[in-house]
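Asks: Shown below is the structure under consideration.
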Amino acid sequence: MTEVRKAELAASLAEVEERIARACKAAGRERDEVRLLAVTKTFPALDAALLADLGTLDLAENRDQEAGAKTDEVAELRPGNGIRWHMVGSLQRNKARSVVRWAAEVQSVDSERLADALAKASRSALESGQRDQPLDVLIQVSLDDDPKRGGCRVNELSQLAERIAHVGDIRLRGLMAVAPLGTEPAEAFERLARASERLREDHPNAREVSAGMSNDLEQAIAYGSTCVRVGTALLGGRGLASP
Ligand SMILES: *Cc1c(COP(=O)(O)O)cnc(C)c1O
């Protein structure tokens, strides 16, 4: 069973790698400018372990509760695995203490209150030895200014970035966005690229642009994505119950 699943994952990983390589070439970019983040949400810990065996060490989850248990399980399956876990889903402030236990990076910071809570949690995890590195964070940008979908509005970005830069114990690495439904993703990614350029004027180390998923990774890479977040194309469909 495990061998069959591993072969399946190896095949889809090769396809996704091929798509990324082709998109980089088309955009005149180097392959190593783009990280592949495998989004393992709703899939079992064994799948995450097998992806790590295949060399994919950047893994992502979108719910703290699911991720907390899964990351423990993967640590048991593959001790000392070298995996970096990323949180890409919307996050309540009261989950900050839990998320700093398992995540190297939170890509979905969209408010000063959440940034403050993560900074506080990161600080106490550093003090207690639970972490040896501060938490890396990306600001999630809303590209359609629809508050329901989460994300910081483009015109409020610089204020949030300042807060993160000054609060300490978390490190601002860049921006993340999900292309709005029902619009041309290229337009959204172009908007994100402009926001990233403006951000880097004041925060030169915030170079990460996390954009592109199974359906639109080519467009995202064309507009400068440095991190594609791929679930379905690697692991298969998640069914109707899970977003
Ligand atoms: C689920 C998810 C992805 C992966 O989406 P696919 O379309 O399955 O590749 C990427 N980013 C975020 C924030 C997600 O929640």
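Numbering starts fresh at 1 for the residues of each chain in the structure tokens, the chains themselves are lettered A, B, ... in the order given, and ligands are numbered from 1 as they appear.
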Which residues of region 32-110 of chain A sit at most 7 Å from region 124-146 of chain A, using only C-alpha atoms? Give each one's shortest atom pair and distance in Å (one decimal place), in chain and ascending residue order, as JSON lines.

Replies:
```
{"residue": "A:Arg101", "atom": "CA", "partner": "A:Gln130", "partner_atom": "CA", "distance": 6.9}
{"residue": "A:Ala104", "atom": "CA", "partner": "A:Leu135", "partner_atom": "CA", "distance": 5.8}
{"residue": "A:Glu105", "atom": "CA", "partner": "A:Asp136", "partner_atom": "CA", "distance": 4.5}
{"residue": "A:Val106", "atom": "CA", "partner": "A:Val137", "partner_atom": "CA", "distance": 4.8}
{"residue": "A:Gln107", "atom": "CA", "partner": "A:Leu138", "partner_atom": "CA", "distance": 4.4}
{"residue": "A:Ser108", "atom": "CA", "partner": "A:Gln140", "partner_atom": "CA", "distance": 4.8}
{"residue": "A:Val109", "atom": "CA", "partner": "A:Ile139", "partner_atom": "CA", "distance": 4.8}
{"residue": "A:Asp110", "atom": "CA", "partner": "A:Gln140", "partner_atom": "CA", "distance": 5.5}
```

Asks: Please produce a file of those selected residues containing C-alpha atoms, as a PDB file, in the first residue's frame.

Replies:
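For reference, result_31.pdb as written:
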```pdb
ATOM      1  CA  ARG A 101       4.764  24.922  18.495  1.00  0.00           C
ATOM      2  CA  ALA A 104       8.372  27.502  11.081  1.00  0.00           C
ATOM      3  CA  GLU A 105       6.400  30.118   9.175  1.00  0.00           C
ATOM      4  CA  VAL A 106       2.898  31.599   9.212  1.00  0.00           C
ATOM      5  CA  GLN A 107       1.905  32.894   5.760  1.00  0.00           C
ATOM      6  CA  SER A 108      -1.505  34.221   6.746  1.00  0.00           C
ATOM      7  CA  VAL A 109      -0.883  37.219   8.991  1.00  0.00           C
ATOM      8  CA  ASP A 110      -3.505  39.833   8.178  1.00  0.00           C
TER       9      ASP A 110
END
```

Asks: Find the residues near ligand 1. Use a cut-off of 12 Å, count only C-alpha atoms and all ligand atoms, and write them as a tab-separated table (two decimals) with N, CA and C atoms, in the first residue's frame.

Replies:
```
chain	number	residue	atom	x	y	z
A	16	VAL	N	4.42	18.06	-11.34
A	16	VAL	CA	4.40	19.43	-10.81
A	16	VAL	C	5.78	20.07	-11.00
A	36	LEU	N	8.70	24.97	-3.76
A	36	LEU	CA	7.44	24.22	-3.83
A	36	LEU	C	7.00	23.87	-2.41
A	37	LEU	N	5.81	24.34	-2.07
A	37	LEU	CA	5.21	24.03	-0.77
A	37	LEU	C	4.10	23.00	-1.03
A	38	ALA	N	4.21	21.83	-0.43
A	38	ALA	CA	3.17	20.81	-0.61
A	38	ALA	C	2.12	21.00	0.47
A	39	VAL	N	0.88	21.26	0.04
A	39	VAL	CA	-0.20	21.51	1.01
A	39	VAL	C	-0.87	20.18	1.34
A	40	THR	N	-0.60	19.68	2.55
A	40	THR	CA	-1.02	18.32	2.92
A	40	THR	C	-2.34	18.29	3.70
A	41	LYS	N	-3.01	19.44	3.81
A	41	LYS	CA	-4.28	19.49	4.56
A	41	LYS	C	-5.25	18.41	4.09
A	42	THR	N	-5.93	17.81	5.03
A	42	THR	CA	-6.90	16.72	4.86
A	42	THR	C	-6.25	15.37	4.51
A	43	PHE	N	-4.96	15.36	4.18
A	43	PHE	CA	-4.29	14.09	3.86
A	43	PHE	C	-3.53	13.58	5.09
A	59	LEU	N	6.30	21.80	3.80
A	59	LEU	CA	4.93	21.30	3.83
A	59	LEU	C	4.02	22.33	4.49
A	60	ALA	N	2.74	22.33	4.08
A	60	ALA	CA	1.84	23.36	4.60
A	60	ALA	C	0.51	22.76	5.04
A	61	GLU	N	-0.06	23.42	6.03
A	61	GLU	CA	-1.38	23.04	6.56
A	61	GLU	C	-2.20	24.32	6.70
A	62	ASN	N	-3.53	24.18	6.77
A	62	ASN	CA	-4.35	25.39	6.89
A	62	ASN	C	-5.21	25.44	8.15
A	63	ARG	N	-5.12	24.39	9.01
A	63	ARG	CA	-5.88	24.43	10.27
A	63	ARG	C	-4.97	24.00	11.40
A	86	HIS	N	4.54	25.03	7.29
A	86	HIS	CA	4.03	26.39	7.07
A	86	HIS	C	2.53	26.41	7.34
A	87	MET	N	2.08	27.48	7.98
A	87	MET	CA	0.65	27.67	8.20
A	87	MET	C	0.14	28.61	7.11
A	88	VAL	N	-0.85	28.15	6.32
A	88	VAL	CA	-1.35	28.99	5.22
A	88	VAL	C	-2.83	29.34	5.37
A	89	GLY	N	-3.46	28.90	6.46
A	89	GLY	CA	-4.89	29.17	6.61
A	89	GLY	C	-5.17	30.30	7.58
A	90	SER	N	-6.41	30.76	7.59
A	90	SER	CA	-6.72	31.88	8.49
A	90	SER	C	-6.62	31.39	9.93
A	91	LEU	N	-6.19	32.30	10.78
A	91	LEU	CA	-5.76	31.92	12.12
A	91	LEU	C	-6.38	32.86	13.14
A	106	VAL	N	4.34	31.36	9.38
A	106	VAL	CA	2.90	31.60	9.21
A	106	VAL	C	2.73	32.55	8.03
A	107	GLN	N	2.04	32.09	6.99
A	107	GLN	CA	1.91	32.89	5.76
A	107	GLN	C	0.64	33.74	5.76
A	108	SER	N	-0.17	33.64	6.79
A	108	SER	CA	-1.50	34.22	6.75
A	108	SER	C	-1.73	35.31	7.79
A	109	VAL	N	-0.72	36.13	8.02
A	109	VAL	CA	-0.88	37.22	8.99
A	109	VAL	C	-1.60	38.38	8.30
A	138	LEU	N	4.58	35.87	6.75
A	138	LEU	CA	4.22	36.60	5.53
A	138	LEU	C	2.90	37.31	5.82
A	140	GLN	N	-0.65	38.13	4.55
A	140	GLN	CA	-1.61	37.71	3.52
A	140	GLN	C	-2.33	38.95	3.00
A	141	VAL	N	-2.27	39.13	1.69
A	141	VAL	CA	-2.84	40.31	1.05
A	141	VAL	C	-4.18	39.95	0.42
A	142	SER	N	-5.16	40.81	0.64
A	142	SER	CA	-6.45	40.63	-0.03
A	142	SER	C	-6.37	41.32	-1.39
A	149	ARG	N	-12.89	37.14	2.81
A	149	ARG	CA	-11.91	36.13	2.40
A	149	ARG	C	-10.58	36.25	3.14
A	150	GLY	N	-10.49	37.19	4.05
A	150	GLY	CA	-9.26	37.33	4.82
A	150	GLY	C	-8.21	38.08	4.02
A	151	GLY	N	-7.19	38.49	4.71
A	151	GLY	CA	-6.12	39.22	4.06
A	151	GLY	C	-6.18	40.70	4.37
A	176	MET	N	1.83	36.94	0.90
A	176	MET	CA	1.13	35.76	0.37
A	176	MET	C	-0.23	36.21	-0.13
A	177	ALA	N	-0.74	35.56	-1.18
A	177	ALA	CA	-2.10	35.85	-1.62
A	177	ALA	C	-2.70	34.65	-2.33
A	178	VAL	N	-4.01	34.63	-2.31
A	178	VAL	CA	-4.79	33.65	-3.07
A	178	VAL	C	-5.51	34.46	-4.15
A	179	ALA	N	-5.42	34.03	-5.40
A	179	ALA	CA	-6.10	34.75	-6.47
A	179	ALA	C	-7.61	34.70	-6.23
A	180	PRO	N	-8.31	35.84	-6.32
A	180	PRO	CA	-9.75	35.84	-6.09
A	180	PRO	C	-10.47	34.95	-7.09
A	181	LEU	N	-11.56	34.33	-6.64
A	181	LEU	CA	-12.35	33.48	-7.53
A	181	LEU	C	-13.00	34.33	-8.62
A	210	SER	N	4.45	34.55	-2.01
A	210	SER	CA	3.82	33.23	-2.03
A	210	SER	C	2.53	33.32	-2.81
A	211	ALA	N	2.55	32.76	-4.02
A	211	ALA	CA	1.38	32.85	-4.90
A	211	ALA	C	1.40	31.69	-5.86
A	212	GLY	N	0.20	31.24	-6.25
A	212	GLY	CA	0.08	30.15	-7.20
A	212	GLY	C	-0.26	28.86	-6.50
A	213	MET	N	-1.32	28.19	-7.00
A	213	MET	CA	-1.76	26.92	-6.46
A	213	MET	C	-1.85	25.93	-7.64
A	214	SER	N	-2.53	24.80	-7.44
A	214	SER	CA	-2.56	23.77	-8.50
A	214	SER	C	-3.00	24.33	-9.85
A	215	ASN	N	-3.99	25.25	-9.83
A	215	ASN	CA	-4.58	25.68	-11.10
A	215	ASN	C	-3.91	26.90	-11.73
A	216	ASP	N	-3.11	27.62	-10.97
A	216	ASP	CA	-2.61	28.88	-11.53
A	216	ASP	C	-1.13	29.13	-11.24
A	217	LEU	N	-0.38	28.04	-11.01
A	217	LEU	CA	1.02	28.26	-10.63
A	217	LEU	C	1.84	28.87	-11.77
A	227	CYS	N	7.17	31.17	-4.26
A	227	CYS	CA	6.71	30.05	-3.46
A	227	CYS	C	5.32	29.65	-3.96
A	228	VAL	N	5.22	28.47	-4.58
A	228	VAL	CA	3.90	28.00	-5.01
A	228	VAL	C	3.39	26.99	-3.99
A	229	ARG	N	2.09	27.05	-3.72
A	229	ARG	CA	1.47	26.20	-2.68
A	229	ARG	C	0.55	25.20	-3.38
A	230	VAL	N	1.01	23.95	-3.46
A	230	VAL	CA	0.29	22.99	-4.29
A	230	VAL	C	-0.28	21.84	-3.46
A	231	GLY	N	-1.59	21.66	-3.53
A	231	GLY	CA	-2.25	20.56	-2.84
A	231	GLY	C	-2.74	19.52	-3.84
A	232	THR	N	-3.88	19.82	-4.48
A	232	THR	CA	-4.57	18.88	-5.37
A	232	THR	C	-3.66	18.23	-6.42
A	233	ALA	N	-2.83	19.01	-7.08
A	233	ALA	CA	-2.01	18.45	-8.17
A	233	ALA	C	-0.97	17.46	-7.65
A	234	LEU	N	-0.67	17.52	-6.36
A	234	LEU	CA	0.29	16.57	-5.79
A	234	LEU	C	-0.40	15.39	-5.13
A	235	LEU	N	-1.43	15.71	-4.33
A	235	LEU	CA	-2.00	14.68	-3.45
A	235	LEU	C	-3.33	14.13	-3.93
A	236	GLY	N	-3.98	14.84	-4.85
A	236	GLY	CA	-5.29	14.41	-5.33
A	236	GLY	C	-6.38	15.31	-4.77
A	237	GLY	N	-7.63	15.02	-5.17
A	237	GLY	CA	-8.76	15.85	-4.77
A	237	GLY	C	-9.08	15.68	-3.29
A	238	ARG	N	-9.64	16.73	-2.70
A	238	ARG	CA	-9.98	16.67	-1.28
A	238	ARG	C	-11.46	16.40	-1.03
A	239	GLY	N	-12.25	16.27	-2.09
A	239	GLY	CA	-13.69	16.03	-1.90
A	239	GLY	C	-14.39	17.33	-1.55
A	242	SER	N	-14.11	19.51	2.35
A	242	SER	CA	-12.99	20.34	2.81
A	242	SER	C	-12.62	21.38	1.76
A	243	PRO	N	-12.36	22.59	2.19
A	243	PRO	CA	-12.04	23.66	1.26
A	243	PRO	C	-10.69	23.46	0.58
```

Asks: When distances are computed from only C-alpha atoms, which of A:Gln65, A:Asn205, A:Ser196, A:Thr56 shows the smallest separation from Val154 (chain A)?

Replies: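 Between A:Gln65, A:Asn205, A:Ser196, A:Thr56, the residue approaching Val154 (chain A) most closely is A:Ser196.
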
Asks: As a list in words, please: every residue in region 64-210 of chain A that DSSP puts in strand (DSSP E).

Replies: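 So the strand (DSSP E) residues in region 64-210 of chain A would be Arg84, Trp85, His86, Met87, Glu105, Val106, Gln107, Ser108, Val109, Leu135, Asp136, Val137, Leu138, Ile139, Gln140, Val141, Ser142, Cys152, Arg153, Ile170, Arg171, Leu172, Arg173, Gly174, Leu175, Met176, Glu208, Val209 and Ser210 of chain A.
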
Asks: Which residue gives the smallest distance to Ala222 (chain A) among A:Ala23, A:Ala96, A:Leu57, A:Ala52, with only C-alpha atoms counted?

Replies: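 Distance minimum relative to Ala222 (chain A) lands on A:Ala23.
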
Asks: Find the spatial neighbours of region 44-48 of chain A, counting only C-alpha atoms, within a cut-off of 7 Å - ignore same-chain residues fewer than 6 positions away - and output them as a PyMOL selection string.

Replies: chain A and resi 70+73-74

Asks: Using only C-alpha atoms, which of A:Val167, A:Glu76, A:Leu157, A:Gly28 sits nearest Ala117 (chain A)?

Replies: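 Closest to Ala117 (chain A), using only C-alpha atoms: A:Val167.
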
Asks: Would you kindly return, as an mmCIF file with N, CA, C and O atoms, in the first residue's frame, each protein, DNA or RNA residue with an atom no farther than 10 Å from any atom of Arg207 (chain A), considering only C-alpha atoms and excluding same-chain residues fewer than 5 positions away?

Replies:
```
data_model
loop_
_atom_site.group_PDB
_atom_site.id
_atom_site.type_symbol
_atom_site.label_atom_id
_atom_site.label_comp_id
_atom_site.auth_asym_id
_atom_site.auth_seq_id
_atom_site.Cartn_x
_atom_site.Cartn_y
_atom_site.Cartn_z
ATOM 1 N N LEU A 138 4.579 35.874 6.754
ATOM 2 C CA LEU A 138 4.219 36.595 5.533
ATOM 3 C C LEU A 138 2.901 37.309 5.816
ATOM 4 O O LEU A 138 2.083 36.824 6.595
ATOM 5 N N LEU A 172 9.543 39.424 9.302
ATOM 6 C CA LEU A 172 8.736 39.649 8.101
ATOM 7 C C LEU A 172 9.509 39.170 6.877
ATOM 8 O O LEU A 172 10.580 39.682 6.556
ATOM 9 N N ARG A 173 8.937 38.177 6.164
ATOM 10 C CA ARG A 173 9.618 37.593 5.004
ATOM 11 C C ARG A 173 8.997 37.995 3.671
ATOM 12 O O ARG A 173 9.599 37.773 2.627
ATOM 13 N N GLY A 174 7.753 38.496 3.693
ATOM 14 C CA GLY A 174 7.141 38.855 2.412
ATOM 15 C C GLY A 174 5.635 38.788 2.442
ATOM 16 O O GLY A 174 5.011 38.989 3.493
ATOM 17 N N LEU A 175 5.072 38.476 1.283
ATOM 18 C CA LEU A 175 3.616 38.518 1.101
ATOM 19 C C LEU A 175 3.089 37.181 0.600
ATOM 20 O O LEU A 175 3.788 36.428 -0.066
ATOM 21 N N SER A 196 4.500 43.898 -3.614
ATOM 22 C CA SER A 196 5.764 43.372 -3.109
ATOM 23 C C SER A 196 6.910 44.349 -3.384
ATOM 24 O O SER A 196 7.768 44.570 -2.523
ATOM 25 N N GLU A 197 6.913 44.939 -4.571
ATOM 26 C CA GLU A 197 7.946 45.933 -4.891
ATOM 27 C C GLU A 197 7.909 47.101 -3.915
ATOM 28 O O GLU A 197 8.940 47.550 -3.420
ATOM 29 N N LEU A 199 6.650 47.118 -0.896
ATOM 30 C CA LEU A 199 7.029 46.650 0.438
ATOM 31 C C LEU A 199 8.544 46.606 0.594
ATOM 32 O O LEU A 199 9.095 46.978 1.626
ATOM 33 N N ARG A 200 9.226 46.143 -0.460
ATOM 34 C CA ARG A 200 10.679 45.965 -0.377
ATOM 35 C C ARG A 200 11.440 47.288 -0.331
ATOM 36 O O ARG A 200 12.602 47.312 0.046
ATOM 37 N N SER A 225 6.258 34.927 -8.480
ATOM 38 C CA SER A 225 6.092 34.104 -7.277
ATOM 39 C C SER A 225 7.411 33.440 -6.902
ATOM 40 O O SER A 225 8.142 32.956 -7.763
ATOM 41 N N THR A 226 7.695 33.410 -5.593
ATOM 42 C CA THR A 226 8.878 32.702 -5.104
ATOM 43 C C THR A 226 8.495 31.440 -4.341
ATOM 44 O O THR A 226 9.347 30.739 -3.814
#
```

Asks: Hey, can you check how far CA of Arg93 (chain A) sits from CA of Arg113 (chain A)?

Replies: 7.4 Å

Asks: Which of region 3-243 of chain A end up as helix (DSSP H, G or I) when DSSP is run on this backbone - answer as a ChimeraX atom specification?

Replies: /A:3-26,31-33,45-53,64-77,93-102,112-127,147-149,154-167,185-202,217-222,232-235

Asks: Quick check, in Å to one decimal: how far apart do CA of Arg5 (chain A) and CA of Asp72 (chain A) lie?

Replies: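 Those two atoms sit 21.0 Å apart.
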
Asks: Kindly indicate which residue among A:Ile164, A:Ala115, A:Leu51, A:Ala103 lies nearest to Arg78 (chain A), using only C-alpha atoms for the distances.

Replies: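 Among A:Ile164, A:Ala115, A:Leu51, A:Ala103, it is A:Leu51 that comes nearest to Arg78 (chain A).
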
Asks: Could you tell me how far CA of His166 (chain A) sits from CA of Ser111 (chain A), in Å to one decimal place?

Replies: 14.2 Å
